[in-house]
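Chemist: Below: one structure in structure tokens.
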Amino acid sequence: MSTAITVSGLRKSFGRTIALDGLDLTVGTGEVHGFLGPNGAGKSTTLRMLLGLLRADGGTARLLDGDPWRDATSLHRRLAYVPGDVTLWPNLTGGEVIDLLGRLRGGTDGKRRAELLERFDLDPTKKGRAYSKGNRQKVALVAALSSDVELLLLDEPTSGLDPLMEAVFRECVLEERERGRTVLLSSHILAEVEVLCDRVSIVRAGRVVDSGTLTELRHLTRTSIEAELAGPPDGLADLPGVHDTKVTGNHVRCEVDTDHLDAVLARLTAIGVRSLVSRPPTLEELFLRHYRAEQPTAEPVAAAR
Amino acid sequence: MNATAGLGPLVKLGARRDRVMLPAWCYLMIALTIGTAYSFRGLYPTVASRLAFAHSFAGNPTLTALTGPTFDLTTIGGLTAWRIGGLGGLLMALFNILVVVRHTRAEEEAGRLELIGAGVVGRHAPLTAGLLLAMGTDLVLGLVLGAGLVLVGQPVGDSFVLGLALAVVGVAFAGIAAVTAQLTETSRAATGLAATVLGIAFLLRAVGDSGGPAVSWLHWLSPIGWGQQIRPFAGDRWWVFALPVGLAILTCWAAGALVSRRDIGAGLLPSRPGPATAAHSLRSPLALAWRLQRGLLLGWLIALVAVGAVLGTITQDMLSIADTSSDLTRIISQLGGEAGIANAFLASVMGLIGLLSTVFVVQAVLRLRSEEQALRAEPVLATGVGKVPFAAGHLLVAALGGALLIVVSGVAAGIAYGLRTGDVGGELPTLLGAALVQVPAAWVLAGVAIALFGLLPTWTAASWAAVVLCFALGELGPTLRLPQWVMDVSPFTHVPKLPGGPLTGAPIGWLIVVSAALTAVGLVSWRRRDVG
């Protein structure tokens, strides 16, 4: 598979604050890639470096086979960007902003623009100052989605949308994927990422700490098991890879490392299983595990705007 | 809830935000006023020398139009009050407008007032805090100026009257700005509206003081005129203080009443829906820059046409009065041109127009920085627009807009003066040329602003210091007989004194080279630096 974005060892500091500390990221062409991390982890900084708005202190970044800093303007004609913090010109209407940004990128599809305005239920005649946060975000989304580009860089695009509009947004992203477009979706809304993304990268303190498909990520973590047994679950807690065991009579709950599941299930069946619930880890659990596992030793990284 | 609850913390917050700007401003005013008094003491140490100086200026409408009326020029304090009254009042007014709008409408527009308003903060507290901050600074500054004049050896009573006379002009305009901040939705428009009032006040005073007895009542319509009519060091008319203080009370009351009636974030005029699609022409960074700045340019155009037309009209009036005065030609030639009182006056008018246009030019260039800071540059730069074309759009609007202002204002002066002399065909081309030579000097300030934007983006506000420096050198330099190398710092010193003086190409060429070099430095460093 060819890659749309290849980043390796990217570094950036603002004064004494380290925003990116050797970040690696690979996004394949045609995939929807989730870029996950808490506030201030370096998500926006990464996107802004991919746009050539910030200059790297070290490391390399390739975007659509170009250099994001040197080839910025030619690359920008092939991508669309939705910033995390959308501010509009107070005296320009939403419709004017959508047209302007589209034309500066090299043209918009009028039919698609009208369709998106309809779907997002956006009034294009309002002036920038009159829009709410969610509506400003919709203006940026319509501007980005109505242009014919290969790559979409979306920075927390749904943080101000209501659930109804969030659903419209999800449909739109899935349609973009159908069309073969690449999407890098920065987010901290896990449900959204779980539904939309083929692959996920989890970033913390300026570094990607985990990357892969959801299945791959789950494989590396624990499955929770809840069972009603025929007898007391003696010795279960001593098996390798079993954590947080809670026993009440013949009832047991525990967390099992995925590669030790075989041995645990064998022991359970040996005792005799009356009922069994096994649940793969949710993305939320994956996420929290990465953030709780180790407290960062370095200075906490501030939001790098 | 008490309408002014939370006032204390808000005043402290304002003082914390302006902890550099307010003291810097006070130092500048102190340096201007006390520096003027100090150098007058050196230049005219005896009553005889001051009388000679006064005689050459007595009743000279050329100067009174630009500075203010003369009352008693036999003392150092009297000279200082005459020289500082107009310019100091103008600067105090400008500063108060900026501070009040910054702490009221600008906060509201940015949405920060909403954050604060949700706390235990009364409806009137934010406005009151902004006014207290501005007026408090005025009062302290007035007292410090008084004390400074005492230190230079002036009588205590008169010194404090001059300090307070300047302070009350500021207080009056703080009140005016408080009202305009309630009328408009954007801080830019609020500042513009208050600045228009200031421009009218300046013109009313200029015409009233120089146009002869028939129109002298006009200076009673101007808060700047009130500051001068208090007559510090020439009788100290305390009752005149009632006018600016009364206006301040009235405007503060009106602003408070407006606050009680409107919603947060709203002006008095509701915003109307606009076009659903962009005009066909809105398709380039230049078109965007023009769209964003055309309102500002139009406002300045109206203001500078008025300045040109009014000053062009009164030129003829001053000639009749000025002929009687001796020594005048020598003094005038120091101040501006080389031959002819009318030419000299018109040359100073052109210089003033050039200086005023720099305010627009710097405002327009610094729009780049505010677009960047408001994160509005980012979405544009994420399209096919390069960083240099993005900046060039705003730069072109600044440079060509500034040139347009100067030329149109010069044409207005030419027509107005020509109509009075009956020779429009002769005066118009002369004054058009006199206006055109100001353009390269104004471009140098655009260069300073763009260079700061590229190299030291956090220090772009220093461009305003450059503008103030040009004003101070241009207005005060000749009377204070500052050394030539100091005067040379201002690009306007190098502009040929037209009409009347010789037209030399070299300085104009150099000014263009300097502005081009500064622009190149700014654009190259902007291309290399991070955005945001």
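Chain labels run A, B, ... following the order of the structure tokens; each chain numbers its residues from 1, and ligands are numbered from 1 in the order shown.
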Under the rule of at most 6 Å, produce a per-residue listing of chain A near chain B: chain, number, name, the closest pair of atoms, and the distance in Å, as JSON lines, using only C-alpha atoms.
Modeler:
```
{"residue": "A:Leu53", "atom": "CA", "partner": "B:Val531", "partner_atom": "CA", "distance": 5.2}
{"residue": "A:Leu54", "atom": "CA", "partner": "B:Asp530", "partner_atom": "CA", "distance": 4.5}
{"residue": "A:Arg55", "atom": "CA", "partner": "B:Asp530", "partner_atom": "CA", "distance": 6.0}
{"residue": "A:Thr73", "atom": "CA", "partner": "B:Gly384", "partner_atom": "CA", "distance": 4.6}
{"residue": "A:His76", "atom": "CA", "partner": "B:Thr383", "partner_atom": "CA", "distance": 5.0}
{"residue": "A:Arg77", "atom": "CA", "partner": "B:Gly384", "partner_atom": "CA", "distance": 5.1}
{"residue": "A:Thr87", "atom": "CA", "partner": "B:Arg376", "partner_atom": "CA", "distance": 5.9}
{"residue": "A:Thr93", "atom": "CA", "partner": "B:Gly274", "partner_atom": "CA", "distance": 6.0}
{"residue": "A:Gly95", "atom": "CA", "partner": "B:Ala276", "partner_atom": "CA", "distance": 4.7}
{"residue": "A:Glu96", "atom": "CA", "partner": "B:Ala278", "partner_atom": "CA", "distance": 4.1}
{"residue": "A:Asp99", "atom": "CA", "partner": "B:Ala278", "partner_atom": "CA", "distance": 5.8}
{"residue": "A:Leu100", "atom": "CA", "partner": "B:Arg283", "partner_atom": "CA", "distance": 5.7}
{"residue": "A:Arg103", "atom": "CA", "partner": "B:Arg283", "partner_atom": "CA", "distance": 5.7}
{"residue": "A:Leu104", "atom": "CA", "partner": "B:Gly384", "partner_atom": "CA", "distance": 5.8}
{"residue": "A:Arg105", "atom": "CA", "partner": "B:Thr383", "partner_atom": "CA", "distance": 4.7}
{"residue": "A:Pro124", "atom": "CA", "partner": "B:Ala276", "partner_atom": "CA", "distance": 5.0}
{"residue": "A:Thr125", "atom": "CA", "partner": "B:Ala276", "partner_atom": "CA", "distance": 4.5}
{"residue": "A:Lys126", "atom": "CA", "partner": "B:Pro273", "partner_atom": "CA", "distance": 5.0}
```
Chemist: Just write the chosen residues, N, CA and C atoms, as a PDB file, in the first residue's frame.
Modeler:
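Final file, selection_18.pdb:
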```
ATOM      1  N   LEU A  53       2.901  25.062   8.218  1.00  0.00           N
ATOM      2  CA  LEU A  53       2.718  26.315   8.952  1.00  0.00           C
ATOM      3  C   LEU A  53       3.786  26.464  10.015  1.00  0.00           C
ATOM      4  N   LEU A  54       4.302  25.327  10.492  1.00  0.00           N
ATOM      5  CA  LEU A  54       5.380  25.330  11.471  1.00  0.00           C
ATOM      6  C   LEU A  54       6.563  24.603  10.855  1.00  0.00           C
ATOM      7  N   ARG A  55       7.738  25.013  11.252  1.00  0.00           N
ATOM      8  CA  ARG A  55       8.949  24.422  10.708  1.00  0.00           C
ATOM      9  C   ARG A  55       9.477  23.415  11.716  1.00  0.00           C
ATOM     10  N   THR A  73       2.523  25.203  -1.014  1.00  0.00           N
ATOM     11  CA  THR A  73       1.371  25.678  -1.794  1.00  0.00           C
ATOM     12  C   THR A  73       0.894  24.636  -2.802  1.00  0.00           C
ATOM     13  N   HIS A  76      -1.005  22.016  -0.925  1.00  0.00           N
ATOM     14  CA  HIS A  76      -2.276  22.488  -0.361  1.00  0.00           C
ATOM     15  C   HIS A  76      -3.424  22.426  -1.362  1.00  0.00           C
ATOM     16  N   ARG A  77      -3.089  22.458  -2.659  1.00  0.00           N
ATOM     17  CA  ARG A  77      -4.154  22.333  -3.654  1.00  0.00           C
ATOM     18  C   ARG A  77      -4.757  20.931  -3.647  1.00  0.00           C
ATOM     19  N   THR A  87     -12.109  30.263  13.434  1.00  0.00           N
ATOM     20  CA  THR A  87     -12.535  31.659  13.570  1.00  0.00           C
ATOM     21  C   THR A  87     -12.807  32.189  12.170  1.00  0.00           C
ATOM     22  N   THR A  93     -19.899  36.498   5.165  1.00  0.00           N
ATOM     23  CA  THR A  93     -20.892  35.469   5.444  1.00  0.00           C
ATOM     24  C   THR A  93     -20.250  34.089   5.310  1.00  0.00           C
ATOM     25  N   GLY A  95     -21.257  31.627   3.514  1.00  0.00           N
ATOM     26  CA  GLY A  95     -21.209  31.268   2.098  1.00  0.00           C
ATOM     27  C   GLY A  95     -19.991  31.876   1.413  1.00  0.00           C
ATOM     28  N   GLU A  96     -19.689  33.122   1.754  1.00  0.00           N
ATOM     29  CA  GLU A  96     -18.531  33.781   1.152  1.00  0.00           C
ATOM     30  C   GLU A  96     -17.236  33.087   1.555  1.00  0.00           C
ATOM     31  N   ASP A  99     -16.856  29.794  -0.369  1.00  0.00           N
ATOM     32  CA  ASP A  99     -16.443  30.035  -1.755  1.00  0.00           C
ATOM     33  C   ASP A  99     -14.996  30.488  -1.832  1.00  0.00           C
ATOM     34  N   LEU A 100     -14.645  31.424  -0.937  1.00  0.00           N
ATOM     35  CA  LEU A 100     -13.282  31.973  -0.964  1.00  0.00           C
ATOM     36  C   LEU A 100     -12.258  30.865  -0.761  1.00  0.00           C
ATOM     37  N   ARG A 103     -12.051  28.547  -3.750  1.00  0.00           N
ATOM     38  CA  ARG A 103     -11.376  29.132  -4.913  1.00  0.00           C
ATOM     39  C   ARG A 103      -9.882  29.231  -4.686  1.00  0.00           C
ATOM     40  N   LEU A 104      -9.480  29.591  -3.461  1.00  0.00           N
ATOM     41  CA  LEU A 104      -8.047  29.713  -3.189  1.00  0.00           C
ATOM     42  C   LEU A 104      -7.367  28.351  -3.304  1.00  0.00           C
ATOM     43  N   ARG A 105      -8.157  27.272  -3.123  1.00  0.00           N
ATOM     44  CA  ARG A 105      -7.594  25.931  -3.230  1.00  0.00           C
ATOM     45  C   ARG A 105      -7.618  25.465  -4.682  1.00  0.00           C
ATOM     46  N   PRO A 124     -26.019  29.907   4.927  1.00  0.00           N
ATOM     47  CA  PRO A 124     -24.798  30.562   4.436  1.00  0.00           C
ATOM     48  C   PRO A 124     -24.883  32.072   4.376  1.00  0.00           C
ATOM     49  N   THR A 125     -26.039  32.661   4.735  1.00  0.00           N
ATOM     50  CA  THR A 125     -26.160  34.115   4.620  1.00  0.00           C
ATOM     51  C   THR A 125     -25.813  34.836   5.915  1.00  0.00           C
ATOM     52  N   LYS A 126     -25.496  34.077   6.964  1.00  0.00           N
ATOM     53  CA  LYS A 126     -25.169  34.741   8.223  1.00  0.00           C
ATOM     54  C   LYS A 126     -23.741  35.253   8.194  1.00  0.00           C
TER      55      LYS A 126
END
```
Chemist: Can you pull out the residues contacting range 242-253 of chain B? Cut-off 9 Å, using only C-alpha atoms, and skip same-chain residues under 6 positions away; I want them as a list in words.
Modeler: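 Surrounding residues, per the criterion: Thr128, Leu131, Val168, Val169, Gly170, Val171, Ala172, Phe173, Ala174, Gly175, Ile176, Ala177, Ala178, Val179, Pro223, Trp226 and Gly227 of chain B.
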Chemist: Give the alpha helix (DSSP H) residues of range 195-305 of chain A, as assigned by DSSP on the backbone, as an mmCIF file with C-alpha atoms, in the first residue's frame.
Modeler:
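Final file, part.cif:
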```cif
data_model
loop_
_atom_site.group_PDB
_atom_site.id
_atom_site.type_symbol
_atom_site.label_atom_id
_atom_site.label_comp_id
_atom_site.auth_asym_id
_atom_site.auth_seq_id
_atom_site.Cartn_x
_atom_site.Cartn_y
_atom_site.Cartn_z
ATOM 1 C CA VAL A 195 -16.647 3.815 14.112
ATOM 2 C CA LEU A 196 -14.720 5.661 11.416
ATOM 3 C CA LEU A 214 -8.070 -1.626 16.415
ATOM 4 C CA THR A 215 -7.730 -5.427 16.270
ATOM 5 C CA GLU A 216 -3.967 -5.196 16.449
ATOM 6 C CA LEU A 217 -4.125 -2.827 19.354
ATOM 7 C CA ARG A 218 -6.581 -5.033 21.181
ATOM 8 C CA HIS A 219 -4.362 -7.983 20.653
ATOM 9 C CA LEU A 261 -6.266 -16.517 27.037
ATOM 10 C CA ASP A 262 -5.800 -20.200 26.063
ATOM 11 C CA ALA A 263 -4.427 -21.290 29.426
ATOM 12 C CA VAL A 264 -7.051 -19.342 31.374
ATOM 13 C CA LEU A 265 -9.955 -20.756 29.353
ATOM 14 C CA ALA A 266 -8.543 -24.299 29.770
ATOM 15 C CA ARG A 267 -8.500 -23.838 33.555
ATOM 16 C CA LEU A 268 -12.041 -22.445 33.577
ATOM 17 C CA THR A 269 -13.432 -25.357 31.566
ATOM 18 C CA ALA A 270 -11.602 -27.752 33.867
ATOM 19 C CA ILE A 271 -13.537 -26.304 36.815
ATOM 20 C CA LEU A 283 -10.794 1.836 22.731
ATOM 21 C CA GLU A 284 -11.414 3.820 25.862
ATOM 22 C CA GLU A 285 -9.714 1.184 27.949
ATOM 23 C CA LEU A 286 -6.799 1.044 25.524
ATOM 24 C CA PHE A 287 -6.531 4.744 25.694
ATOM 25 C CA LEU A 288 -6.740 5.029 29.450
ATOM 26 C CA ARG A 289 -4.192 2.236 29.848
ATOM 27 C CA HIS A 290 -1.670 4.219 27.844
ATOM 28 C CA TYR A 291 -2.267 7.279 29.896
ATOM 29 C CA ARG A 292 -2.386 5.670 33.302
ATOM 30 C CA ALA A 293 0.402 3.182 32.807
#
```
Chemist: Skip Gly146 in chain B itself and residues of its chain fewer than 2 positions away, then list as number ranges by chain all residues within 12 Å of it, counting only C-alpha atoms.
Modeler: B: 29-30, 33-34, 37, 77, 81, 139-144, 148-167, 232-233
Chemist: When you count only C-alpha atoms, which of these residues is closest to Leu145 in chain A: A:Lys111, A:Arg279, A:Lys43, A:His243?
Modeler: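 Closest to Leu145 in chain A, using only C-alpha atoms: A:Lys111.
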Chemist: Do a neighbour search on Leu432 in chain B at 7 Å with only C-alpha atoms, toss out local chain neighbours closer than 3 positions, and write the hits as a ChimeraX atom specification.
Modeler: /B:407,410-411,428-429,435-436
Chemist: Any chance you could export the current selection's N, CA and C atoms as a PDB file, in the first residue's frame?
Modeler:
```pdb
ATOM      1  N   VAL B 407      -2.834  61.392  -1.888  1.00  0.00           N
ATOM      2  CA  VAL B 407      -3.120  62.077  -3.149  1.00  0.00           C
ATOM      3  C   VAL B 407      -4.504  62.739  -3.103  1.00  0.00           C
ATOM      4  N   GLY B 410      -4.471  65.674  -0.875  1.00  0.00           N
ATOM      5  CA  GLY B 410      -3.767  66.771  -1.525  1.00  0.00           C
ATOM      6  C   GLY B 410      -4.629  67.435  -2.584  1.00  0.00           C
ATOM      7  N   VAL B 411      -5.351  66.625  -3.349  1.00  0.00           N
ATOM      8  CA  VAL B 411      -6.243  67.168  -4.376  1.00  0.00           C
ATOM      9  C   VAL B 411      -7.338  68.008  -3.724  1.00  0.00           C
ATOM     10  N   LEU B 428      -3.985  73.060  -8.305  1.00  0.00           N
ATOM     11  CA  LEU B 428      -4.220  71.618  -8.201  1.00  0.00           C
ATOM     12  C   LEU B 428      -2.983  70.788  -8.555  1.00  0.00           C
ATOM     13  N   PRO B 429      -2.353  71.016  -9.718  1.00  0.00           N
ATOM     14  CA  PRO B 429      -1.166  70.204 -10.032  1.00  0.00           C
ATOM     15  C   PRO B 429      -0.034  70.417  -9.029  1.00  0.00           C
ATOM     16  N   ALA B 435       1.772  66.532  -2.625  1.00  0.00           N
ATOM     17  CA  ALA B 435       1.239  65.382  -1.898  1.00  0.00           C
ATOM     18  C   ALA B 435       2.014  64.119  -2.270  1.00  0.00           C
ATOM     19  N   LEU B 436       2.286  63.966  -3.559  1.00  0.00           N
ATOM     20  CA  LEU B 436       2.935  62.731  -4.028  1.00  0.00           C
ATOM     21  C   LEU B 436       4.280  62.482  -3.366  1.00  0.00           C
TER      22      LEU B 436
END
```
Chemist: Can you list every residue in range 154-205 of chain A that DSSP puts in strand (DSSP E), as a PDB file with N, CA and C atoms, in the first residue's frame?
Modeler:
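Saved result, out.pdb, follows:
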```
ATOM      1  N   LEU A 154      -8.269  16.743   9.438  1.00  0.00           N
ATOM      2  CA  LEU A 154      -9.356  17.237  10.275  1.00  0.00           C
ATOM      3  C   LEU A 154      -8.896  17.266  11.725  1.00  0.00           C
ATOM      4  N   ASP A 155      -8.907  18.453  12.326  1.00  0.00           N
ATOM      5  CA  ASP A 155      -8.421  18.612  13.699  1.00  0.00           C
ATOM      6  C   ASP A 155      -9.626  18.762  14.637  1.00  0.00           C
ATOM      7  N   THR A 182      -7.972   9.932   1.497  1.00  0.00           N
ATOM      8  CA  THR A 182      -7.282   9.677   2.753  1.00  0.00           C
ATOM      9  C   THR A 182      -7.761  10.709   3.773  1.00  0.00           C
ATOM     10  N   VAL A 183      -7.994  10.256   5.001  1.00  0.00           N
ATOM     11  CA  VAL A 183      -8.436  11.175   6.042  1.00  0.00           C
ATOM     12  C   VAL A 183      -7.560  10.982   7.273  1.00  0.00           C
ATOM     13  N   LEU A 184      -6.991  12.069   7.766  1.00  0.00           N
ATOM     14  CA  LEU A 184      -6.319  12.021   9.067  1.00  0.00           C
ATOM     15  C   LEU A 184      -7.216  12.782  10.031  1.00  0.00           C
ATOM     16  N   LEU A 185      -7.778  12.044  10.987  1.00  0.00           N
ATOM     17  CA  LEU A 185      -8.794  12.600  11.871  1.00  0.00           C
ATOM     18  C   LEU A 185      -8.237  12.676  13.284  1.00  0.00           C
ATOM     19  N   SER A 186      -7.896  13.892  13.706  1.00  0.00           N
ATOM     20  CA  SER A 186      -7.452  14.052  15.078  1.00  0.00           C
ATOM     21  C   SER A 186      -8.681  14.191  15.963  1.00  0.00           C
ATOM     22  N   SER A 187      -8.665  13.495  17.091  1.00  0.00           N
ATOM     23  CA  SER A 187      -9.878  13.483  17.895  1.00  0.00           C
ATOM     24  C   SER A 187      -9.558  13.030  19.309  1.00  0.00           C
ATOM     25  N   ARG A 199      -7.257   2.668  10.929  1.00  0.00           N
ATOM     26  CA  ARG A 199      -6.105   2.534  11.816  1.00  0.00           C
ATOM     27  C   ARG A 199      -6.070   3.706  12.776  1.00  0.00           C
ATOM     28  N   VAL A 200      -5.351   3.488  13.869  1.00  0.00           N
ATOM     29  CA  VAL A 200      -5.344   4.473  14.937  1.00  0.00           C
ATOM     30  C   VAL A 200      -3.914   4.675  15.411  1.00  0.00           C
ATOM     31  N   SER A 201      -3.539   5.923  15.696  1.00  0.00           N
ATOM     32  CA  SER A 201      -2.273   6.187  16.370  1.00  0.00           C
ATOM     33  C   SER A 201      -2.587   6.942  17.645  1.00  0.00           C
ATOM     34  N   ILE A 202      -2.006   6.470  18.741  1.00  0.00           N
ATOM     35  CA  ILE A 202      -2.239   7.138  20.024  1.00  0.00           C
ATOM     36  C   ILE A 202      -0.993   7.942  20.360  1.00  0.00           C
ATOM     37  N   VAL A 203      -1.193   9.235  20.603  1.00  0.00           N
ATOM     38  CA  VAL A 203      -0.051  10.100  20.851  1.00  0.00           C
ATOM     39  C   VAL A 203      -0.084  10.566  22.294  1.00  0.00           C
ATOM     40  N   ARG A 204       1.115  10.606  22.881  1.00  0.00           N
ATOM     41  CA  ARG A 204       1.212  11.124  24.244  1.00  0.00           C
ATOM     42  C   ARG A 204       2.515  11.883  24.384  1.00  0.00           C
TER      43      ARG A 204
END
```
Chemist: Which residues come within 9 Å of Leu79 in chain A, counting only C-alpha atoms, excluding same-chain residues fewer than 5 positions away, as an MDAnalysis selection string?
Modeler: (chainID A and resid 105 144 147:153) or (chainID B and resid 382:383)
Chemist: What's the separation between CA of Ala61 in chain A and CA of Ala520 in chain B, in Å to one decimal place?
Modeler: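 It comes out at 28.8 Å.
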Chemist: Tell me which protein, DNA and RNA residues are within 12 Å of Asp18 in chain B, counting only C-alpha atoms, leaving out same-chain ones fewer than 3 positions away, and put them as a list in words.
Modeler: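 Listing them by chain and then by number gives Val11, Lys12, Leu13, Gly14, Ala15, Met21, Leu22, Pro23, Ala24, Trp25, Cys26, Leu98, Val99, Val100, Arg102, His103, Gly130, Leu133, Ala134 and Thr137 of chain B.
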Chemist: Kindly indicate which residue among B:Val362, B:Leu482, B:Ala465, B:Ala413 lies nearest to Gly447 in chain B, using only C-alpha atoms for the distances.
Modeler: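 Smallest separation from Gly447 in chain B among the options: B:Val362.
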Chemist: Just to confirm, what's the straight-line distance from CA of Gly9 in chain A to CA of Leu50 in chain A in Å (one decimal)?
Modeler: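 One can read the CA of Gly9 in chain A to CA of Leu50 in chain A distance as 13.4 Å.
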